[in-house]
Every structure is written in C-alpha cells, then in structure tokens.
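Remarks on the structure that follows.
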Amino acid sequence: MPTLTFTRHLQHLLPSGPLTVPGDTPRAALEQVLRDYPLLRSYLLDEHGGLRKHVALFIDGELRRDGMDQPVTATTKIDFMQALSGG
C-alpha cells in the first residue's frame, strides 16, 4: 500500500505522520484518506477534483503535477505539499 504524507500545516486536519492506505494511483489513495478526513479535500482539490494550483504532488521524490492517475505500487511514497504565501 502506498504511503502518503502531507505538509505539516495540514496536520490539524488529519493524524500526524505518514498514512499507508490502499490505492493503485495517487488519486485512489487520496480518496481513501478523504473518506476519513473530508475537510482535507478543499485544501488539496479544486471543484473538478484536480489538484489546486498551489499543491505540489511528489511521487517517490519526483514532482509530478500530472501524476494523480499514474500507477503506483505498494512501496510508492506520495507527498502532497501545499505552498503558503503571504507576509
């Protein structure tokens, strides 16, 4: 099962630390997480189900803006990072 991690400032919406969930794509794995933590959805996905512009997806350390439907394996590490702005 792939392992998902999220930017630290999202930890108030879900348990801290990596989550290991079933899924054969990042989208499928994320949907498993969103079933238990639905408030996370609006921080990561837009109204069409795509990644928000300020969210970066890393698959095994590689930035993949187009990777939500890329096949993954049980050993894949998926990181969702949300950029912050402001001053």
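Residues are named by chain letter and number: chains run A, B, ... in the order of the structure tokens, numbers start at 1 in each chain, and ligands are numbered from 1 in the order shown.
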Val33 of chain A environment, 12 Å, only C-alpha atoms, sequence neighbours closer than 6 positions dropped, as a list of chain:residue names: A:Pro2, A:Thr3, A:Leu4, A:Thr5, A:Phe6, A:Leu13, A:Leu14, A:Pro15, A:Pro18, A:Leu19, A:Thr20, A:Val21, A:Pro22, A:Gly23, A:Pro26, A:Arg27, A:Leu39, A:Leu40, A:Arg41, A:Leu44
Non-local contacts of segment 57-62 of chain A (8 Å; only C-alpha atoms; under 3 positions in same chain excluded) as a list in words: Arg65, Gly67, Met68, Thr76, Lys77, Ile78, Asp79, Phe80 and Met81 of chain A
Could you dump the residues just selected with N, CA and C atoms as a PDB file, in the first residue's frame?
ATOM      1  N   ARG A  65       3.047  17.117 -11.416  1.00  0.00           N
ATOM      2  CA  ARG A  65       1.784  17.853 -11.456  1.00  0.00           C
ATOM      3  C   ARG A  65       0.693  17.039 -12.149  1.00  0.00           C
ATOM      4  N   GLY A  67       0.452  13.698 -12.152  1.00  0.00           N
ATOM      5  CA  GLY A  67       0.588  12.313 -11.717  1.00  0.00           C
ATOM      6  C   GLY A  67      -0.542  11.725 -10.900  1.00  0.00           C
ATOM      7  N   MET A  68      -1.679  12.402 -10.779  1.00  0.00           N
ATOM      8  CA  MET A  68      -2.752  11.879  -9.929  1.00  0.00           C
ATOM      9  C   MET A  68      -3.272  10.518 -10.384  1.00  0.00           C
ATOM     10  N   THR A  76       5.381   2.792  -3.062  1.00  0.00           N
ATOM     11  CA  THR A  76       5.448   4.180  -3.522  1.00  0.00           C
ATOM     12  C   THR A  76       5.207   5.148  -2.369  1.00  0.00           C
ATOM     13  N   LYS A  77       6.008   6.214  -2.342  1.00  0.00           N
ATOM     14  CA  LYS A  77       5.820   7.294  -1.380  1.00  0.00           C
ATOM     15  C   LYS A  77       5.202   8.478  -2.123  1.00  0.00           C
ATOM     16  N   ILE A  78       4.066   8.955  -1.633  1.00  0.00           N
ATOM     17  CA  ILE A  78       3.336  10.052  -2.260  1.00  0.00           C
ATOM     18  C   ILE A  78       3.297  11.206  -1.274  1.00  0.00           C
ATOM     19  N   ASP A  79       3.788  12.368  -1.705  1.00  0.00           N
ATOM     20  CA  ASP A  79       3.797  13.551  -0.853  1.00  0.00           C
ATOM     21  C   ASP A  79       2.932  14.636  -1.473  1.00  0.00           C
ATOM     22  N   PHE A  80       2.056  15.216  -0.651  1.00  0.00           N
ATOM     23  CA  PHE A  80       1.252  16.362  -1.055  1.00  0.00           C
ATOM     24  C   PHE A  80       1.761  17.574  -0.282  1.00  0.00           C
ATOM     25  N   MET A  81       2.236  18.568  -1.017  1.00  0.00           N
ATOM     26  CA  MET A  81       2.766  19.766  -0.383  1.00  0.00           C
ATOM     27  C   MET A  81       1.970  20.966  -0.832  1.00  0.00           C
TER      28      MET A  81
END
Within 8 Å of Ala83 of chain A using only C-alpha atoms, minus same-chain residues under 3 positions, as an MDAnalysis selection string: chainID A and resid 54:56
Any chance you could export the current selection's all heavy atoms as a JSON list (two decimals), in the first residue's frame?
[["chain", "number", "residue", "atom", "x", "y", "z"],
["A", 54, "HIS", "N", -1.80, 25.54, -6.06],
["A", 54, "HIS", "CA", -0.76, 25.73, -5.06],
["A", 54, "HIS", "C", -0.36, 24.42, -4.36],
["A", 54, "HIS", "O", 0.37, 24.44, -3.39],
["A", 54, "HIS", "CB", -1.22, 26.75, -4.01],
["A", 54, "HIS", "CG", -2.44, 26.34, -3.27],
["A", 54, "HIS", "ND1", -3.71, 26.51, -3.78],
["A", 54, "HIS", "CD2", -2.60, 25.72, -2.08],
["A", 54, "HIS", "CE1", -4.58, 26.03, -2.91],
["A", 54, "HIS", "NE2", -3.94, 25.55, -1.88],
["A", 55, "VAL", "N", -0.84, 23.29, -4.88],
["A", 55, "VAL", "CA", -0.50, 21.98, -4.30],
["A", 55, "VAL", "C", 0.46, 21.26, -5.24],
["A", 55, "VAL", "O", 0.21, 21.16, -6.44],
["A", 55, "VAL", "CB", -1.76, 21.12, -4.07],
["A", 55, "VAL", "CG1", -1.38, 19.73, -3.59],
["A", 55, "VAL", "CG2", -2.68, 21.80, -3.07],
["A", 56, "ALA", "N", 1.56, 20.78, -4.67],
["A", 56, "ALA", "CA", 2.53, 20.01, -5.44],
["A", 56, "ALA", "C", 2.41, 18.54, -5.05],
["A", 56, "ALA", "O", 2.25, 18.21, -3.87],
["A", 56, "ALA", "CB", 3.94, 20.51, -5.17]]
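Candidate residues A:Pro38, A:Arg8, A:Asp66, A:Asp24 were compared for distance to Arg52 of chain A, and the nearest is A:Asp66, using only C-alpha atoms.
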All strand (DSSP E or B) positions in segment 51-86 of chain A, as a list in words: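 Everything in segment 51-86 of chain A that counts as strand (DSSP E or B) is Leu51, Val55, Ala56, Leu57, Phe58, Ile59, Glu62, Leu63, Lys77, Ile78, Asp79, Phe80, Met81 and Gln82 of chain A.
Atom pair atom CA of Gln82 of chain A / atom CA of Leu63 of chain A: separated by 12.7 Å.
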Atomic distance atom CA of Asp69 of chain A - atom CA of Gly17 of chain A, expressed in Å with one decimal: 23.5 Å
Picked from segment 13-62 of chain A by DSSP as helix (DSSP H, G or I), as a ChimeraX atom specification: /A:13,26-36,38-44
Computed interatomic separation between atom CA of His9 of chain A and atom CA of Tyr37 of chain A (Å): 14.7 Å
